[in-house]
$ cat work.cif   # mmCIF, C-alpha atoms
data_upload
#
loop_
_atom_site.label_atom_id
_atom_site.label_comp_id
_atom_site.auth_asym_id
_atom_site.auth_seq_id
_atom_site.Cartn_x
_atom_site.Cartn_y
_atom_site.Cartn_z
CA MET B 188 96.00 -23.15 171.06
CA ALA B 189 97.68 -26.38 169.96
CA SER B 190 97.27 -27.26 166.31
CA THR B 191 95.71 -30.48 165.06
CA VAL B 192 97.44 -30.00 161.69
CA PRO B 193 100.86 -31.70 161.30
CA ALA B 194 103.85 -29.33 161.29
CA GLU B 195 104.87 -30.33 157.78
CA ASP B 196 101.41 -29.44 156.47
CA ILE B 197 101.51 -26.09 158.28
CA ALA B 198 104.81 -25.34 156.52
CA ARG B 199 103.49 -26.54 153.17
CA VAL B 200 100.39 -24.35 153.13
CA LYS B 201 102.36 -21.37 154.45
CA GLY B 202 104.30 -21.57 151.20
CA LEU B 203 100.97 -21.27 149.39
CA GLY B 204 99.97 -18.13 151.31
CA PHE B 205 98.04 -19.61 154.26
CA LEU B 206 99.22 -18.55 157.71
CA ARG B 207 98.09 -20.47 160.77
CA ASP B 208 95.48 -18.79 162.96
CA LYS B 209 96.92 -19.44 166.41
CA THR B 210 93.52 -18.97 168.09
CA THR B 211 92.16 -22.10 166.40
CA PRO B 212 93.23 -25.76 166.20
CA ASP B 213 93.04 -26.11 162.41
CA CYS B 214 92.34 -22.77 160.68
CA PHE B 215 94.49 -20.58 158.45
CA ASN B 216 94.35 -16.99 157.19
CA ALA B 217 94.75 -16.74 153.42
CA ARG B 218 96.57 -13.87 151.72
CA VAL B 219 94.84 -12.92 148.49
CA ILE B 220 97.16 -11.12 146.07
CA THR B 221 95.86 -7.75 144.87
CA ARG B 222 98.53 -7.28 142.14
CA ASN B 223 99.04 -3.52 142.52
CA GLY B 224 96.87 -2.87 145.56
CA LYS B 225 93.69 -2.52 143.53
CA ILE B 226 90.86 -4.99 142.85
CA THR B 227 87.56 -4.73 141.01
CA ALA B 228 84.09 -4.71 142.54
CA GLU B 229 83.45 -8.15 141.01
CA GLU B 230 86.63 -9.50 142.57
CA SER B 231 85.68 -7.99 145.93
CA ILE B 232 82.30 -9.75 145.80
CA HIS B 233 83.99 -13.03 144.91
CA ILE B 234 86.49 -12.71 147.79
CA ALA B 235 83.65 -11.93 150.18
CA GLU B 236 81.75 -15.01 148.99
CA ALA B 237 84.91 -17.11 149.45
CA ALA B 238 85.21 -15.82 153.01
CA ARG B 239 81.57 -16.72 153.68
CA ARG B 240 81.78 -20.19 152.13
CA PHE B 241 85.16 -21.37 153.28
CA GLY B 242 86.22 -19.16 156.21
CA SER B 243 84.75 -17.23 159.11
CA GLY B 244 83.16 -14.61 156.86
CA GLU B 245 85.71 -12.00 157.95
CA ILE B 246 88.30 -10.20 155.80
CA ALA B 247 91.33 -8.25 157.06
CA MET B 248 93.55 -5.76 155.25
CA THR B 249 97.27 -6.40 155.62
CA THR B 250 99.92 -3.71 155.95
CA ARG B 251 101.23 -4.65 152.49
CA MET B 252 98.03 -3.99 150.54
CA THR B 253 96.83 -7.58 150.35
CA VAL B 254 93.49 -8.98 151.49
CA GLU B 255 93.48 -11.70 154.15
CA VAL B 256 90.51 -14.07 154.39
CA GLN B 257 90.21 -15.21 157.99
CA ALA B 258 89.88 -18.63 159.63
CA ILE B 259 89.77 -21.10 156.76
CA PRO B 260 89.78 -24.70 158.06
CA TYR B 261 92.65 -26.81 156.72
CA ALA B 262 90.15 -29.09 154.99
CA ASN B 263 88.77 -26.13 152.97
CA ILE B 264 92.08 -24.86 151.57
CA ASP B 265 92.01 -26.63 148.21
CA ALA B 266 88.39 -25.67 147.57
CA PHE B 267 89.16 -22.06 148.54
CA ILE B 268 92.05 -21.88 146.05
CA ALA B 269 89.89 -23.33 143.28
CA PHE B 270 87.04 -20.92 144.01
CA LEU B 271 89.34 -17.86 143.85
CA ALA B 272 90.81 -19.10 140.58
CA GLU B 273 87.37 -18.82 138.95
CA LYS B 274 87.94 -15.04 138.88
CA GLY B 275 91.66 -15.16 138.22
CA LEU B 276 92.53 -14.52 141.87
CA GLU B 277 95.38 -16.22 143.70
CA VAL B 278 96.92 -16.58 147.13
CA GLY B 279 100.59 -16.29 148.06
CA GLY B 280 103.05 -13.72 149.30
CA THR B 281 105.29 -15.76 151.60
CA GLY B 282 108.73 -17.33 151.47
CA PRO B 283 112.26 -16.32 150.36
CA LYS B 284 111.26 -14.81 147.05
CA VAL B 285 109.97 -11.59 145.49
CA ARG B 286 106.96 -10.54 147.56
CA PRO B 287 103.80 -8.75 146.32
CA VAL B 288 104.47 -5.14 145.41
CA VAL B 289 103.03 -2.34 147.57
CA SER B 290 101.73 0.73 145.74
CA CYS B 291 100.24 4.02 146.82
CA LYS B 292 97.41 5.65 144.86
CA GLY B 293 99.75 8.06 143.09
CA THR B 294 97.98 7.49 139.78
CA THR B 295 94.88 9.30 141.08
CA CYS B 296 96.32 11.29 144.00
CA THR B 297 96.66 15.08 143.83
CA PHE B 298 100.35 14.81 144.68
CA GLY B 299 101.14 11.80 142.50
CA LEU B 300 103.95 12.37 140.00
CA ILE B 301 103.99 8.94 138.33
CA ASP B 302 101.46 6.30 137.31
CA THR B 303 101.97 4.04 140.33
CA TYR B 304 99.26 1.54 139.42
CA SER B 305 100.69 0.98 135.95
CA LEU B 306 104.25 0.55 137.18
CA SER B 307 103.22 -1.68 140.09
CA LEU B 308 101.21 -3.94 137.82
CA LYS B 309 104.24 -4.35 135.56
CA ILE B 310 106.40 -5.14 138.60
CA HIS B 311 103.81 -7.70 139.73
CA GLU B 312 103.70 -9.45 136.37
CA ARG B 313 107.44 -9.35 135.63
CA PHE B 314 108.86 -10.12 139.06
CA TYR B 315 106.26 -11.47 141.49
CA ARG B 316 104.70 -13.78 138.90
CA GLY B 317 107.53 -14.04 136.40
CA LEU B 318 110.16 -14.96 139.02
CA HIS B 319 107.81 -16.76 141.40
CA ASP B 320 109.85 -19.97 141.36
CA MET B 321 113.18 -18.22 141.93
CA LYS B 322 114.47 -18.80 145.44
CA LEU B 323 116.29 -15.87 147.01
CA PRO B 324 118.42 -15.65 150.19
CA HIS B 325 115.45 -14.07 152.00
CA LYS B 326 112.23 -12.22 151.24
CA PHE B 327 112.50 -9.33 148.80
CA LYS B 328 110.00 -6.47 149.06
CA ILE B 329 109.27 -3.70 146.56
CA GLY B 330 107.36 -0.49 147.31
CA VAL B 331 106.17 2.18 144.86
CA GLY B 332 105.36 5.70 146.03
CA GLY B 333 103.95 8.38 143.77
CA CYS B 334 105.76 11.31 145.38
CA PRO B 335 108.17 12.21 148.19
CA ASN B 336 105.30 12.21 150.72
CA ASN B 337 106.26 8.53 151.06
CA CYS B 338 102.81 7.36 152.20
CA VAL B 339 103.66 3.68 151.59
CA LYS B 340 107.21 4.13 152.95
CA PRO B 341 108.92 2.86 149.79
CA ASP B 342 112.43 3.37 151.19
CA LEU B 343 111.69 0.82 153.93
CA ASN B 344 111.58 -1.89 151.26
CA ASP B 345 114.43 -3.83 149.70
CA ILE B 346 113.78 -1.67 146.65
CA GLY B 347 111.77 1.54 146.77
CA ILE B 348 110.57 3.64 143.86
CA ILE B 349 109.58 7.26 144.50
CA GLY B 350 108.03 9.60 141.94
CA GLN B 351 109.99 12.77 141.20
CA ARG B 352 109.46 16.02 139.32
CA ILE B 353 112.66 17.78 138.39
CA VAL B 354 111.97 21.47 137.85
CA ALA B 355 114.19 23.80 135.84
CA VAL B 356 114.45 27.53 136.54
CA ASP B 357 114.47 30.01 133.67
CA GLU B 358 116.22 33.00 135.25
CA ASN B 359 115.34 35.18 132.27
CA LEU B 360 111.66 34.95 133.21
CA CYS B 361 112.16 35.43 136.97
CA ARG B 362 111.33 38.97 138.16
CA GLY B 363 112.53 38.52 141.72
CA CYS B 364 109.15 39.30 143.26
CA LYS B 365 109.16 40.44 146.89
CA VAL B 366 106.41 37.91 147.59
CA CYS B 367 107.54 34.94 145.52
CA GLN B 368 104.79 32.39 144.84
CA VAL B 369 107.36 29.67 144.22
CA GLU B 370 108.99 30.31 147.58
CA LYS B 371 105.57 30.24 149.28
CA ALA B 372 104.64 26.93 147.61
CA CYS B 373 107.79 25.04 148.56
CA PRO B 374 107.11 22.75 151.58
CA MET B 375 110.81 21.96 151.95
CA LYS B 376 111.91 25.62 152.10
CA ALA B 377 114.30 24.78 149.28
CA ALA B 378 113.21 27.69 147.06
CA ALA B 379 114.25 31.23 147.86
CA VAL B 380 114.87 34.54 146.06
CA ARG B 381 118.55 35.38 146.24
CA ASP B 382 120.16 38.33 144.53
CA GLY B 383 116.90 39.09 142.78
CA LYS B 384 116.41 35.59 141.29
CA ILE B 385 114.66 32.44 142.44
CA ALA B 386 117.02 29.58 143.31
CA LEU B 387 116.46 25.98 144.34
CA ASP B 388 118.61 24.44 147.05
CA GLY B 389 119.61 21.03 145.74
CA GLU B 390 120.42 19.77 149.23
CA ASN B 391 116.91 20.36 150.57
CA CYS B 392 114.84 19.95 147.41
CA ASN B 393 113.14 16.54 147.30
CA ASN B 394 111.74 16.97 143.78
CA CYS B 395 108.14 17.01 144.97
CA GLY B 396 107.19 19.39 142.15
CA ARG B 397 104.92 21.51 144.34
CA CYS B 398 106.61 24.65 143.00
CA TRP B 399 105.97 23.72 139.37
CA GLY B 400 103.70 26.21 137.60
CA LYS B 401 103.44 28.50 140.62
CA CYS B 402 105.38 31.38 139.07
CA PRO B 403 102.90 33.70 137.30
CA PHE B 404 105.65 34.65 134.85
CA GLY B 405 106.55 31.07 133.90
CA ALA B 406 110.00 30.92 135.47
CA LEU B 407 109.39 27.32 136.61
CA GLU B 408 107.37 25.85 133.77
CA GLU B 409 109.88 23.29 132.54
CA ALA B 410 109.83 19.99 134.39
CA GLU B 411 110.54 16.31 133.86
CA SER B 412 108.98 13.38 135.68
CA GLY B 413 111.32 10.75 137.01
CA TYR B 414 111.84 7.89 139.43
CA LYS B 415 114.14 7.77 142.43
CA VAL B 416 115.20 4.22 143.35
CA THR B 417 116.38 3.25 146.83
CA LEU B 418 118.15 0.03 147.81
CA GLY B 419 118.36 -1.94 151.03
CA GLY B 420 115.53 -0.59 153.12
CA ARG B 421 113.72 -2.84 155.58
CA TRP B 422 111.08 -2.81 158.28
CA GLY B 423 110.88 -5.49 160.95
CA LYS B 424 113.21 -6.74 163.66
CA LYS B 425 115.82 -4.41 162.20
CA VAL B 426 114.80 -1.11 160.65
CA GLY B 427 116.74 0.86 158.07
CA ARG B 428 115.99 3.29 155.28
CA GLY B 429 117.17 2.46 151.80
CA THR B 430 119.97 4.38 150.12
CA PRO B 431 119.06 6.15 146.86
CA LEU B 432 120.92 5.39 143.67
CA SER B 433 122.88 8.36 142.40
CA ARG B 434 120.72 9.00 139.32
CA ILE B 435 117.06 9.70 138.68
CA PHE B 436 115.53 7.33 136.13
CA ALA B 437 113.50 8.78 133.27
CA THR B 438 111.30 5.85 132.22
CA GLU B 439 109.41 2.88 133.65
CA GLU B 440 111.54 0.53 131.55
CA GLU B 441 114.74 1.84 133.12
CA VAL B 442 113.24 1.26 136.57
CA LEU B 443 112.14 -2.27 135.69
CA ASP B 444 115.61 -3.07 134.35
CA VAL B 445 117.36 -1.91 137.52
CA ILE B 446 114.89 -3.87 139.68
CA GLU B 447 115.67 -6.98 137.65
CA LYS B 448 119.40 -6.45 138.01
CA ALA B 449 119.00 -5.96 141.78
CA ILE B 450 117.02 -9.19 142.18
CA TYR B 451 119.58 -11.25 140.25
CA PHE B 452 122.46 -9.53 142.05
CA TYR B 453 120.87 -10.47 145.38
CA ARG B 454 120.30 -14.06 144.23
CA ASP B 455 123.89 -14.44 143.08
CA ASN B 456 125.66 -12.57 145.89
CA GLY B 457 123.47 -12.90 148.98
CA THR B 458 123.89 -15.71 151.50
CA ALA B 459 121.05 -17.82 152.91
CA GLY B 460 119.01 -15.88 155.49
CA GLU B 461 120.69 -12.56 154.62
CA ARG B 462 118.48 -9.58 153.79
CA PHE B 463 119.39 -7.42 150.80
CA ALA B 464 120.45 -4.63 153.16
CA ASP B 465 123.03 -6.95 154.73
CA THR B 466 124.29 -8.04 151.32
CA ILE B 467 124.78 -4.39 150.37
CA ALA B 468 126.54 -3.63 153.67
CA ARG B 469 128.89 -6.59 153.23
CA ILE B 470 129.79 -5.83 149.61
CA GLY B 471 129.60 -2.04 149.78
CA PHE B 472 126.95 0.25 148.31
CA GLU B 473 129.30 1.72 145.69
CA GLN B 474 130.09 -1.72 144.31
CA VAL B 475 126.42 -2.72 144.24
CA GLU B 476 125.42 0.54 142.53
CA LYS B 477 128.16 0.08 139.95
CA ALA B 478 126.90 -3.41 139.13
CA LEU B 479 123.30 -2.23 138.79
CA LEU B 480 124.03 0.81 136.64
CA GLU B 481 126.42 -0.91 134.25
CA LYS B 482 125.01 -1.44 130.76
#
$ encode --input "work.cif" --output "structure tokens"
Amino acid sequence: MASTVPAEDIARVKGLGFLRDKTTPDCFNARVITRNGKITAEESIHIAEAARRFGSGEIAMTTRMTVEVQAIPYANIDAFIAFLAEKGLEVGGTGPKVRPVVSCKGTTCTFGLIDTYSLSLKIHERFYRGLHDMKLPHKFKIGVGGCPNNCVKPDLNDIGIIGQRIVAVDENLCRGCKVCQVEKACPMKAAAVRDGKIALDGENCNNCGRCWGKCPFGALEEAESGYKVTLGGRWGKKVGRGTPLSRIFATEEEVLDVIEKAIYFYRDNGTAGERFADTIARIGFEQVEKALLEK
């Protein structure tokens, strides 16, 4: 359906987080930012009331963990923004800049190895909000997954963070059981008893930590949580998985620092319209990794 809103106004409000609803002459769908993919009951009620007052009364969930209020007439946009602001809510999530972070529920999930909500909130505040006015060559997406199950597909983002648990084997405590509980627990088939001792195959082990604590004799009690970081993933017209950096990071602060370096590297070395994956391919992953890991 043809729009009654001028093209320059359509572009302007898109930058604010309002995408044109092509089935209407003058309505837009508003992306409400959920920070780390989680909102309160009070915020949910307020968003619902905003949808009722200013839109069609319908709310959609986007693939990137934001809430989209449907069919807001162009004339209602300013009032909608002001109403959301009463509860500290905002719209956005478009343009060549850092996009809202996507997080799985690793904080509360049985398989979660890191506090995904905490880390994602810090990413939101430091990069989505803190660098909101920084223009990049293209959009820049960040995904946080609590474990190698990859439910939110973190390695299909420009930067992906994946929770890890690095388990150490104490051979002195291993009794080489015929029915090894560690071997049974490993979903990757990376654990096996060889020459009377349990061994972990580094090639197949994805650091999911499912074997941790399974040995009744304590051979796999020692473990450290960590973060795997991938670069240059994307999902869209072109699809590609990100490449992991060569080290596992031990702390949230280390992860935040490498994200910051990656964003500034992309700003300074990417060309207009070029995704981060293309920047990495042009420069070379080894050179990019070296720049990001330098102190």
$ resolve_selection --input "work.cif" --expression "the PyMOL selection byres ((chain B and resi 381) around 12)" --output "list in words"
Glu358, Cys361, Arg362, Gly363, Cys364, Lys365, Cys367, Glu370, Ala377, Ala378, Ala379, Val380, Asp382, Gly383, Lys384, Ile385, Ala386, Leu387 and Asp388 of chain B
$ resolve_selection --input "work.cif" --expression "the PyMOL selection byres ((chain B and resi 476) around 10)" --output "list in words"
Leu418, Pro431, Leu432, Ser433, Val445, Ala449, Ile467, Gly471, Phe472, Glu473, Gln474, Val475, Lys477, Ala478, Leu479, Leu480 and Glu481 of chain B
$ write_last_selection --input "work.cif" --atoms "C-alpha atoms" --output "mmCIF file, in the coordinates of the input"
data_model
loop_
_atom_site.group_PDB
_atom_site.id
_atom_site.type_symbol
_atom_site.label_atom_id
_atom_site.label_comp_id
_atom_site.auth_asym_id
_atom_site.auth_seq_id
_atom_site.Cartn_x
_atom_site.Cartn_y
_atom_site.Cartn_z
ATOM 1 C CA LEU B 418 118.150 0.030 147.810
ATOM 2 C CA PRO B 431 119.060 6.150 146.860
ATOM 3 C CA LEU B 432 120.920 5.390 143.670
ATOM 4 C CA SER B 433 122.880 8.360 142.400
ATOM 5 C CA VAL B 445 117.360 -1.910 137.520
ATOM 6 C CA ALA B 449 119.000 -5.960 141.780
ATOM 7 C CA ILE B 467 124.780 -4.390 150.370
ATOM 8 C CA GLY B 471 129.600 -2.040 149.780
ATOM 9 C CA PHE B 472 126.950 0.250 148.310
ATOM 10 C CA GLU B 473 129.300 1.720 145.690
ATOM 11 C CA GLN B 474 130.090 -1.720 144.310
ATOM 12 C CA VAL B 475 126.420 -2.720 144.240
ATOM 13 C CA LYS B 477 128.160 0.080 139.950
ATOM 14 C CA ALA B 478 126.900 -3.410 139.130
ATOM 15 C CA LEU B 479 123.300 -2.230 138.790
ATOM 16 C CA LEU B 480 124.030 0.810 136.640
ATOM 17 C CA GLU B 481 126.420 -0.910 134.250
#
$ resolve_selection --input "work.cif" --expression "the PyMOL selection byres ((chain B and resi 286-300) around 6)" --output "ChimeraX atom specification"
/B:223,251,280,285,301-303,327-334,339,350
$ residues_around --input "work.cif" --residues "Ala266 (chain B)" --least-positions-apart "6" --cutoff "10 Å" --atoms "all atoms listed in the file" --output "PyMOL selection string"
chain B and resi 237+240-241+272
$ closest_residue --input "work.cif" --among "B:Arg222, B:Trp422, B:Lys201, B:Lys401" --to "Lys371 (chain B)" --atoms "only C-alpha atoms"
B:Lys401
$ decode --input "work.cif" --residues "region 214-227 of chain B" --atoms "all heavy atoms" --output "short mmCIF file (atom, residue, chain, number, x, y, z; two decimals), in the first residue's frame"
data_model
loop_
_atom_site.label_atom_id
_atom_site.label_comp_id
_atom_site.auth_asym_id
_atom_site.auth_seq_id
_atom_site.Cartn_x
_atom_site.Cartn_y
_atom_site.Cartn_z
N CYS B 214 1.19 3.95 9.08
CA CYS B 214 1.52 3.35 10.38
C CYS B 214 2.92 2.75 10.40
O CYS B 214 3.45 2.32 9.37
CB CYS B 214 0.49 2.28 10.75
SG CYS B 214 -1.13 2.96 11.17
N PHE B 215 3.47 2.67 11.63
CA PHE B 215 4.82 2.17 11.84
C PHE B 215 4.84 1.18 13.01
O PHE B 215 4.03 1.31 13.93
CB PHE B 215 5.77 3.33 12.12
CG PHE B 215 5.93 4.26 10.97
CD1 PHE B 215 4.95 5.21 10.68
CD2 PHE B 215 7.04 4.18 10.15
CE1 PHE B 215 5.08 6.07 9.60
CE2 PHE B 215 7.19 5.04 9.07
CZ PHE B 215 6.20 5.99 8.79
N ASN B 216 5.76 0.23 12.95
CA ASN B 216 5.95 -0.72 14.04
C ASN B 216 7.18 -0.29 14.84
O ASN B 216 8.26 -0.09 14.28
CB ASN B 216 6.15 -2.13 13.50
CG ASN B 216 4.95 -2.59 12.69
OD1 ASN B 216 3.82 -2.25 13.00
ND2 ASN B 216 5.20 -3.37 11.64
N ALA B 217 7.00 -0.14 16.15
CA ALA B 217 8.05 0.43 17.01
C ALA B 217 8.79 -0.66 17.75
O ALA B 217 8.18 -1.51 18.42
CB ALA B 217 7.43 1.40 18.01
N ARG B 218 10.12 -0.63 17.67
CA ARG B 218 10.95 -1.59 18.39
C ARG B 218 11.30 -1.05 19.77
O ARG B 218 11.99 -0.04 19.90
CB ARG B 218 12.22 -1.88 17.59
CG ARG B 218 11.95 -2.67 16.33
CD ARG B 218 13.22 -3.05 15.62
NE ARG B 218 12.92 -3.89 14.47
CZ ARG B 218 13.83 -4.28 13.57
NH1 ARG B 218 15.09 -3.89 13.71
NH2 ARG B 218 13.50 -5.05 12.56
N VAL B 219 10.81 -1.73 20.78
CA VAL B 219 11.07 -1.34 22.17
C VAL B 219 12.28 -2.13 22.66
O VAL B 219 12.30 -3.36 22.58
CB VAL B 219 9.85 -1.61 23.06
CG1 VAL B 219 10.12 -1.16 24.49
CG2 VAL B 219 8.61 -0.92 22.51
N ILE B 220 13.28 -1.44 23.16
CA ILE B 220 14.52 -2.08 23.57
C ILE B 220 14.33 -2.77 24.92
O ILE B 220 13.85 -2.16 25.88
CB ILE B 220 15.65 -1.05 23.65
CG1 ILE B 220 15.79 -0.30 22.32
CG2 ILE B 220 16.97 -1.72 24.03
CD1 ILE B 220 15.96 -1.18 21.12
N THR B 221 14.74 -4.03 24.98
CA THR B 221 14.58 -4.81 26.22
C THR B 221 15.90 -5.00 26.98
O THR B 221 15.98 -5.86 27.85
CB THR B 221 13.97 -6.19 25.91
OG1 THR B 221 14.83 -6.90 25.00
CG2 THR B 221 12.59 -6.05 25.30
N ARG B 222 16.91 -4.21 26.62
CA ARG B 222 18.23 -4.20 27.30
C ARG B 222 18.95 -5.53 27.16
O ARG B 222 19.86 -5.65 26.36
CB ARG B 222 18.07 -3.81 28.78
CG ARG B 222 17.44 -2.43 28.97
CD ARG B 222 17.24 -2.13 30.44
NE ARG B 222 16.30 -3.02 31.08
CZ ARG B 222 14.99 -2.78 31.16
NH1 ARG B 222 14.47 -1.68 30.64
NH2 ARG B 222 14.19 -3.64 31.77
N ASN B 223 18.58 -6.52 27.96
CA ASN B 223 19.23 -7.83 27.90
C ASN B 223 18.22 -8.94 27.64
O ASN B 223 18.44 -10.09 28.00
CB ASN B 223 20.01 -8.11 29.19
CG ASN B 223 19.12 -8.03 30.42
OD1 ASN B 223 17.94 -7.71 30.33
ND2 ASN B 223 19.68 -8.31 31.58
N GLY B 224 17.11 -8.58 27.00
CA GLY B 224 16.10 -9.58 26.67
C GLY B 224 15.15 -9.87 27.80
O GLY B 224 14.40 -10.85 27.75
N LYS B 225 15.16 -9.00 28.83
CA LYS B 225 14.30 -9.24 29.99
C LYS B 225 13.66 -7.92 30.41
O LYS B 225 14.34 -6.89 30.48
CB LYS B 225 15.15 -9.81 31.14
CG LYS B 225 14.35 -10.18 32.37
CD LYS B 225 15.20 -10.99 33.35
CE LYS B 225 16.34 -10.20 33.94
NZ LYS B 225 16.98 -10.92 35.07
N ILE B 226 12.35 -7.94 30.68
CA ILE B 226 11.66 -6.75 31.16
C ILE B 226 10.81 -7.14 32.37
O ILE B 226 10.50 -8.31 32.59
CB ILE B 226 10.76 -6.12 30.07
CG1 ILE B 226 9.76 -7.14 29.50
CG2 ILE B 226 11.59 -5.52 28.97
CD1 ILE B 226 8.82 -6.57 28.48
N THR B 227 10.43 -6.13 33.15
CA THR B 227 9.64 -6.39 34.35
C THR B 227 8.15 -6.47 34.02
O THR B 227 7.72 -6.04 32.94
CB THR B 227 9.85 -5.27 35.38
OG1 THR B 227 9.28 -4.05 34.86
CG2 THR B 227 11.33 -5.06 35.68
#
